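Here the structure is laid out as structure tokens; the discussion comes afterwards.
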2 protein chains.
Amino acid sequence: MIKKYTSGKPIETEAVVKEYKAKPIEELPLKNHTEGEHFIIEMELQKEDIVYGLGEAPRGINKRGWVYESFCSDDPFHTETKSSLYGAHNFIIIASEKPYGIFIDFPSKIRWDIGYSKESEVQITITNQNFDIYVIEGSTPAEIVKEFRGAIGESYIPPYWAFGYQQSRWSYPDKNAVDKVIEGYKEAEIPLECVYLDIDYMDSYKDFTVDEAKFPDFKEYVAEKKAEGIHLIPIIDAGVKKAEGYEIYEEGKEKGYFCKKSDGSEFEGGVWPGICGFPDFMRKEVREWFGSKYKLLTEAGIDGFWNDMNEPAIFYSTEGLEKALEKAVSLKGENLDLSKFFGLKDTFLGLSNSPEDYASIYHTINGEQVCHNLVHNIYGANMTKSAGEYFEKEYGKEKILMFSRASYIGAHRTSGIWFGDNHSWWSHILLNLKMLPSANMCGFLYCGADLGGFNENASRDLVLRFLALGVFTPLMRNHSALGTREQECYNFENTKDFKDIIEVRYRLIPYLYETFKKASKNNEMMFRPLSFDYPHDKIARECETQLMLGEECMICPVYEQNVNGRTVYLPEDMTYVKLSGKEITTKKMKKGINYIEVALNEVPLFIKSDKQIPIYAPAMRTTQIDTTTKEMIG
Amino acid sequence: MIKKYTSGKPIETEAVVKEYKAKPIEELPLKNHTEGEHFIIEMELQKEDIVYGLGEAPRGINKRGWVYESFCSDDPFHTETKSSLYGAHNFIIIASEKPYGIFIDFPSKIRWDIGYSKESEVQITITNQNFDIYVIEGSTPAEIVKEFRGAIGESYIPPYWAFGYQQSRWSYPDKNAVDKVIEGYKEAEIPLECVYLDIDYMDSYKDFTVDEAKFPDFKEYVAEKKAEGIHLIPIIDAGVKKAEGYEIYEEGKEKGYFCKKSDGSEFEGGVWPGICGFPDFMRKEVREWFGSKYKLLTEAGIDGFWNDMNEPAIFYSTEGLEKALEKAVSLKGENLDLSKFFGLKDTFLGLSNSPEDYASIYHTINGEQVCHNLVHNIYGANMTKSAGEYFEKEYGKEKILMFSRASYIGAHRTSGIWFGDNHSWWSHILLNLKMLPSANMCGFLYCGADLGGFNENASRDLVLRFLALGVFTPLMRNHSALGTREQECYNFENTKDFKDIIEVRYRLIPYLYETFKKASKNNEMMFRPLSFDYPHDKIARECETQLMLGEECMICPVYEQNVNGRTVYLPEDMTYVKLSGKEITTKKMKKGINYIEVALNEVPLFIKSDKQIPIYAPAMRTTQIDTTTKEMIG
């Protein structure tokens, strides 16, 4: 049961698709008060209550004991003490004796103090008084999720091939680099489905352009790769390079499609291409205009995209940089004391994604100028919707792969997300695992993290263990940053281990794809915390290193270095299945805590004792999976 | 058995106290070659070999799978992908079928590639050809440690009271703030032994001064606190403020005691006090001079110190800052492209602890000018030795508490270390645990991490769980940074839980102190990896979330949020002891994997089935522990 309460005049976010009759906020059945501009909700927590939700956010599946902020942030250090990542997913469930969920439909900042200041209280601060709140009741967390997901509409389903193994890097700058990747995988006999084009494929980082020198005859090249079963997936950034003669910028400028400053002039921010204009994605006509530009690439045969830098990430604004330089100039020759030195250093450090810059950006909504801060959290989502809606209209559903870095609930209907610029940290294997059910609750089913870790160097064993989790994530992509160790599987010793892991993915794709589709169609989660399925089992309730997958499975990746296995908790009798290339070993195991051995080339999987799942012969491409012959395991 | 091999003319570090007849490097029984200036050693690893060592370093107890650098670094982000922390501890053990250890006595940079580039190989790069290598043989890792520790001399033993509970913060700036802390603990009835004075107690951050306005009648105040059983522990930084009329600076300058630049002028670097001179701790007379200055505080009744910023940390040099400002000025008015923008940002970011600055510093060794890079790793150790040697001479052994941030093997004879500026991260509970045996191997017994975490905000439960590990670490200190949540126990809800944890410490102090002293006298480790004691137990071998303590115990802190307990592996039958304030519950448990419940106010401890340990009544100060009445538990 969902009830909607409205305060003031909310800005339309298109998060909810079902119609609910709104009650006035005064009837909200949650303790609340206002403090200046802020609307504050207080909810009591009992000692054993679990708080789920917030989608793509730091820390655990149980969100208790920290302060989160809904504020889409380009922050490449996903440490425990961060409060925000790239998405703003304002849905939580209080799993108390009488569980309930709330969704706050509000595109500006929200602060969630979940038992941090006071252990027995959730305190939510909504930063102005124009919002909708949906209160969702149900007898279990799973029921609440289903009800909520029904309200926000069916989750995006990508093409089947998007379940194949994908290789990325910042950057494969040209045709030769891409061919080298494909060749590397081919020689190592490791399956591969997609190769990503990060920012360097473009002409001077101009959206929807391809550098002819790097990719001559791009259309033919795309067709040639597709004939090999390889999809090329280019990146699209939010900022449009300010450049004379660049048609898209000139057209956007002429039509007044870019965000403004308070004086009506264009806001200019520096991103990869240098100074950019930022399309005002709050406007339907701008979304349609920008969305239609993807055609420049789809007409070249491209059938998948990733949207980046759309929080939006702004390295600096013209004004901010000017001020910083002035400060530096004024200090020249002075004997700086500590506070002046740190003041100067912080000025340069603070140039990127600065609150001052965000506050200086204006959008046009229904003809009115609206400060960016009020709609910050739907900027990236609206960019991605502009593409997703274009694709659906032009090509139909399930045809184009689309996922985004920034997101807001509602974008889950037209795209997936990836979990952004993580690190080659062992702890990020677990962070990836923990984000999956949280994202699923909020409608994001097609998702995954950069396997092997994006930032800094990865050890071989880390990449293998990360991939062994990635075998189960809908988006299975290995991605790494400029300047880090080359992370393509064929660049490591003994590539057979990598082949053994990735082949398991291909053997499971039909099962994973069906499980995924079912979750989308039925408004269910593909990945669930163990506590959803075993709410009265005290060990299962607090287990955050394993997940339930579909109706049949439990996954439990190895997430530590230099170990030959891990402990795993079985909340009921299950079959332990070890998968490695063509090898399958199964072993019945009893409820309880067990130690399992898992070699670097093995994928551990548990199947409930009364269930089985289908497995197929290994294949090099999704198109080559022979679905006529399956084996049932479990 | 230890064999010493010498290459070139090593710089004296005083790490090794026993005399060994050196063989020429050509006889080194390890595969090696030179590459330019570098001397490179290659050692083979078998699949199941464990590599121990490197003391205070990132990542696991088993160092395999990463690249480390011996290079004392002021780096407050102790993430997995760092290669160096504050200490340089060049001792490793290859625990193969025929185990051996090596210690490289070399005060400049060493790179340790431990199975990262090639899984089956350790590759050590010594960055020039003047060094000693000691190869240590023994039948077990423990035997190798004992042999090595015998070579480097007995570990520092602090005064007994240094085992009490200690409270720190950057900063308690004045008398009132200190009194408030003492009062807060008193009211909450939580034991307390020391309160720390971070940088703000000084007059303008000048070493060995006390700001009279903040601490009027300092000597009386120290005496008054001591009468209450509270020790005040001031910080001492490496840099000496350049200030006219500041006696220590003027004296150091007059005598030419500060580090130079290549042109013979003084090197000037900015730290807390602004521009500083850096005492040339390579010179004996400078060490004696600096060490004797501690008297200014010991004469005021101070009996404990912590030495900081002695890697040395340099925020900027006059030259570096000048160059950065010039760069900024030159770019003013230009339309910056991305590379220029990032170039500028990186220039300001790169001002601190810059390689250029380090390379520009010169020391005087035996009358010769020696570039800082060649002795970087003993700079902080020598600072601390200057103090420790003075204390021993003036007051005798075990009288003054002394620990340092930067360190090198050898400094373990006169001081402890703390593990530097960690974070309020759950993962740093485990990092703390993992560093303990590694530090012990290298001689550092008196050590500990900032409990609750130094940087960023801590949740209440994190502080409790961190403290529950800290109950066992010789240095049990809660410390937090400027601008973070107040982390003193009395500032949280329900202080009784904190009392319950810290009282356990006091009940165990006589046992912990004896265990500590025994480890020092016998050249043994106080904390050992489980693999030392159970080398053939495959689960124990890879367990890095538990440690053996002394001859009797195993510790296993809870290191995750929102859990009521944890799984623990018992390599043999043991007694599970849960300690909480006055409460003790014991339970016999069988060898194997078990789940144990541990509440936030409980300290879990395992005692071997044939052992017992003494426990005493709770006390508010170490002096009040009644050692005449003990209970044996186990």
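Residue names in the structure tokens use chain letters A, B, ... in the order shown, residue numbers from 1 in each chain, and ligand numbers from 1 in the order shown.
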Could you pull out all residues of segment 396-490 of chain A with a DSSP call of strand (DSSP E or B) and give them as JSON, numbers by chain? {"A": [401, 402, 403, 404, 407, 408, 416, 417, 418, 423, 447, 448, 450, 451, 455, 476, 477, 478]}
Residues of chain B at most 8 Å from chain A: nearest atom pair and distance in Å, only C-alpha atoms, as JSON lines:
```
{"residue": "B:Gly60", "atom": "CA", "partner": "A:Gln561", "partner_atom": "CA", "distance": 8.0}
{"residue": "B:Asn62", "atom": "CA", "partner": "A:Asn562", "partner_atom": "CA", "distance": 7.2}
{"residue": "B:Arg64", "atom": "CA", "partner": "A:Asn562", "partner_atom": "CA", "distance": 7.0}
{"residue": "B:Gly65", "atom": "CA", "partner": "A:Ser459", "partner_atom": "CA", "distance": 6.2}
{"residue": "B:Trp66", "atom": "CA", "partner": "A:Ser459", "partner_atom": "CA", "distance": 6.8}
{"residue": "B:Glu80", "atom": "CA", "partner": "A:Trp425", "partner_atom": "CA", "distance": 6.0}
{"residue": "B:Thr81", "atom": "CA", "partner": "A:Glu456", "partner_atom": "CA", "distance": 6.9}
{"residue": "B:Tyr116", "atom": "CA", "partner": "A:Ser459", "partner_atom": "CA", "distance": 6.0}
{"residue": "B:Lys118", "atom": "CA", "partner": "A:Glu493", "partner_atom": "CA", "distance": 7.5}
{"residue": "B:Gly270", "atom": "CA", "partner": "A:Leu338", "partner_atom": "CA", "distance": 7.7}
{"residue": "B:Val271", "atom": "CA", "partner": "A:Leu338", "partner_atom": "CA", "distance": 7.5}
{"residue": "B:Trp272", "atom": "CA", "partner": "A:Leu338", "partner_atom": "CA", "distance": 6.5}
{"residue": "B:Pro273", "atom": "CA", "partner": "A:Leu338", "partner_atom": "CA", "distance": 7.3}
{"residue": "B:Gly274", "atom": "CA", "partner": "A:Asp337", "partner_atom": "CA", "distance": 5.4}
{"residue": "B:Glu322", "atom": "CA", "partner": "A:Lys332", "partner_atom": "CA", "distance": 7.3}
{"residue": "B:Leu325", "atom": "CA", "partner": "A:Ala328", "partner_atom": "CA", "distance": 5.8}
{"residue": "B:Glu326", "atom": "CA", "partner": "A:Lys332", "partner_atom": "CA", "distance": 7.5}
{"residue": "B:Ala328", "atom": "CA", "partner": "A:Leu325", "partner_atom": "CA", "distance": 5.8}
{"residue": "B:Val329", "atom": "CA", "partner": "A:Val329", "partner_atom": "CA", "distance": 5.4}
{"residue": "B:Leu331", "atom": "CA", "partner": "A:Leu325", "partner_atom": "CA", "distance": 7.8}
{"residue": "B:Lys332", "atom": "CA", "partner": "A:Leu325", "partner_atom": "CA", "distance": 6.0}
{"residue": "B:Gly333", "atom": "CA", "partner": "A:Glu322", "partner_atom": "CA", "distance": 7.7}
{"residue": "B:Leu336", "atom": "CA", "partner": "A:Gly274", "partner_atom": "CA", "distance": 7.6}
{"residue": "B:Asp337", "atom": "CA", "partner": "A:Gly274", "partner_atom": "CA", "distance": 5.4}
{"residue": "B:Leu338", "atom": "CA", "partner": "A:Gly274", "partner_atom": "CA", "distance": 5.6}
{"residue": "B:Lys345", "atom": "CA", "partner": "A:Phe348", "partner_atom": "CA", "distance": 5.9}
{"residue": "B:Phe348", "atom": "CA", "partner": "A:Lys345", "partner_atom": "CA", "distance": 5.9}
{"residue": "B:Leu349", "atom": "CA", "partner": "A:Lys345", "partner_atom": "CA", "distance": 6.9}
{"residue": "B:Ser424", "atom": "CA", "partner": "A:Thr81", "partner_atom": "CA", "distance": 7.5}
{"residue": "B:Trp425", "atom": "CA", "partner": "A:Glu80", "partner_atom": "CA", "distance": 6.0}
{"residue": "B:Trp426", "atom": "CA", "partner": "A:Glu80", "partner_atom": "CA", "distance": 7.7}
{"residue": "B:Glu456", "atom": "CA", "partner": "A:Thr81", "partner_atom": "CA", "distance": 6.9}
{"residue": "B:Asn457", "atom": "CA", "partner": "A:Thr81", "partner_atom": "CA", "distance": 7.3}
{"residue": "B:Ser459", "atom": "CA", "partner": "A:Tyr116", "partner_atom": "CA", "distance": 6.0}
{"residue": "B:Arg460", "atom": "CA", "partner": "A:Tyr116", "partner_atom": "CA", "distance": 7.5}
{"residue": "B:Asp461", "atom": "CA", "partner": "A:Gly65", "partner_atom": "CA", "distance": 7.7}
{"residue": "B:Glu493", "atom": "CA", "partner": "A:Lys118", "partner_atom": "CA", "distance": 7.6}
{"residue": "B:Glu542", "atom": "CA", "partner": "A:Val563", "partner_atom": "CA", "distance": 5.6}
{"residue": "B:Gln561", "atom": "CA", "partner": "A:Gly65", "partner_atom": "CA", "distance": 7.7}
{"residue": "B:Asn562", "atom": "CA", "partner": "A:Glu542", "partner_atom": "CA", "distance": 7.0}
{"residue": "B:Val563", "atom": "CA", "partner": "A:Glu542", "partner_atom": "CA", "distance": 5.6}
{"residue": "B:Asn564", "atom": "CA", "partner": "A:Glu542", "partner_atom": "CA", "distance": 7.8}
{"residue": "B:Ile593", "atom": "CA", "partner": "A:Ile593", "partner_atom": "CA", "distance": 6.9}
{"residue": "B:Asn594", "atom": "CA", "partner": "A:Ile593", "partner_atom": "CA", "distance": 7.3}
{"residue": "B:Tyr595", "atom": "CA", "partner": "A:Ile593", "partner_atom": "CA", "distance": 7.8}
```
I need the alpha helix (DSSP H) residues of segment 494-556 of chain A per DSSP on the backbone, written as number ranges by chain. A: 496-521, 530-533, 538-542
Excluding Gly634 of chain A and residues on its chain fewer than 6 positions from it, collect all residues at most 9 Å away from it, counting only C-alpha atoms, and give them as an MDAnalysis selection string. chainID A and resid 574:577 586:588 606:614
Could you please take those selected residues and save N, CA and C atoms as a short mmCIF file (atom, residue, chain, number, x, y, z; two decimals), in the first residue's frame?
```cif
data_model
loop_
_atom_site.label_atom_id
_atom_site.label_comp_id
_atom_site.auth_asym_id
_atom_site.auth_seq_id
_atom_site.Cartn_x
_atom_site.Cartn_y
_atom_site.Cartn_z
N MET A 574 22.41 -26.64 1.23
CA MET A 574 22.55 -26.22 -0.17
C MET A 574 23.59 -27.09 -0.86
N THR A 575 23.63 -26.95 -2.18
CA THR A 575 24.68 -27.62 -2.94
C THR A 575 25.75 -26.60 -3.30
N TYR A 576 26.98 -26.93 -2.96
CA TYR A 576 28.10 -26.05 -3.33
C TYR A 576 28.58 -26.45 -4.70
N VAL A 577 28.50 -25.50 -5.62
CA VAL A 577 28.91 -25.76 -6.99
C VAL A 577 30.15 -24.92 -7.28
N THR A 586 30.27 -30.51 -7.66
CA THR A 586 29.18 -30.18 -6.74
C THR A 586 29.34 -30.98 -5.45
N LYS A 587 28.83 -30.39 -4.39
CA LYS A 587 28.97 -31.03 -3.08
C LYS A 587 27.81 -30.55 -2.22
N LYS A 588 27.09 -31.47 -1.63
CA LYS A 588 25.99 -31.09 -0.73
C LYS A 588 26.60 -30.54 0.56
N PHE A 606 26.28 -21.33 -4.66
CA PHE A 606 25.45 -22.26 -3.89
C PHE A 606 24.05 -22.31 -4.50
N ILE A 607 23.51 -23.52 -4.57
CA ILE A 607 22.16 -23.69 -5.10
C ILE A 607 21.31 -24.36 -4.02
N LYS A 608 20.13 -23.80 -3.80
CA LYS A 608 19.25 -24.36 -2.78
C LYS A 608 19.00 -25.83 -3.07
N SER A 609 18.78 -26.61 -2.01
CA SER A 609 18.76 -28.06 -2.20
C SER A 609 17.57 -28.55 -3.03
N ASP A 610 16.52 -27.74 -3.10
CA ASP A 610 15.38 -28.17 -3.91
C ASP A 610 15.34 -27.48 -5.27
N LYS A 611 16.44 -26.84 -5.65
CA LYS A 611 16.45 -26.10 -6.92
C LYS A 611 17.56 -26.60 -7.83
N GLN A 612 17.40 -26.26 -9.09
CA GLN A 612 18.46 -26.51 -10.06
C GLN A 612 18.53 -25.32 -11.01
N ILE A 613 19.66 -25.11 -11.61
CA ILE A 613 19.74 -24.07 -12.64
C ILE A 613 20.38 -24.67 -13.89
N PRO A 614 20.05 -24.08 -15.04
CA PRO A 614 20.60 -24.62 -16.29
C PRO A 614 21.98 -24.04 -16.57
#
```
Name the residues in contact with Tyr165 of chain B at a cut-off of 7 Å, using only C-alpha atoms, excluding same-chain residues fewer than 5 positions from it; report them as a PyMOL selection string. chain B and resi 191-194+476-477
Keeping only N, CA and C atoms, write the selected residues as an mmCIF file, in the first residue's frame.
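Listing of again.cif after writing:
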```cif
data_model
loop_
_atom_site.group_PDB
_atom_site.id
_atom_site.type_symbol
_atom_site.label_atom_id
_atom_site.label_comp_id
_atom_site.auth_asym_id
_atom_site.auth_seq_id
_atom_site.Cartn_x
_atom_site.Cartn_y
_atom_site.Cartn_z
ATOM 1 N N PRO B 191 38.184 4.855 33.290
ATOM 2 C CA PRO B 191 39.602 5.030 33.607
ATOM 3 C C PRO B 191 40.308 5.896 32.569
ATOM 4 N N LEU B 192 41.332 6.581 33.003
ATOM 5 C CA LEU B 192 42.108 7.463 32.116
ATOM 6 C C LEU B 192 43.491 7.623 32.713
ATOM 7 N N GLU B 193 44.511 7.696 31.863
ATOM 8 C CA GLU B 193 45.886 7.754 32.358
ATOM 9 C C GLU B 193 46.671 8.933 31.798
ATOM 10 N N CYS B 194 46.373 9.241 30.510
ATOM 11 C CA CYS B 194 47.140 10.299 29.850
ATOM 12 C C CYS B 194 46.211 11.178 29.036
ATOM 13 N N MET B 476 47.332 2.213 24.010
ATOM 14 C CA MET B 476 45.862 2.240 23.861
ATOM 15 C C MET B 476 45.422 3.692 23.892
ATOM 16 N N ARG B 477 45.391 4.297 22.717
ATOM 17 C CA ARG B 477 45.121 5.724 22.635
ATOM 18 C C ARG B 477 44.010 6.040 21.643
#
```
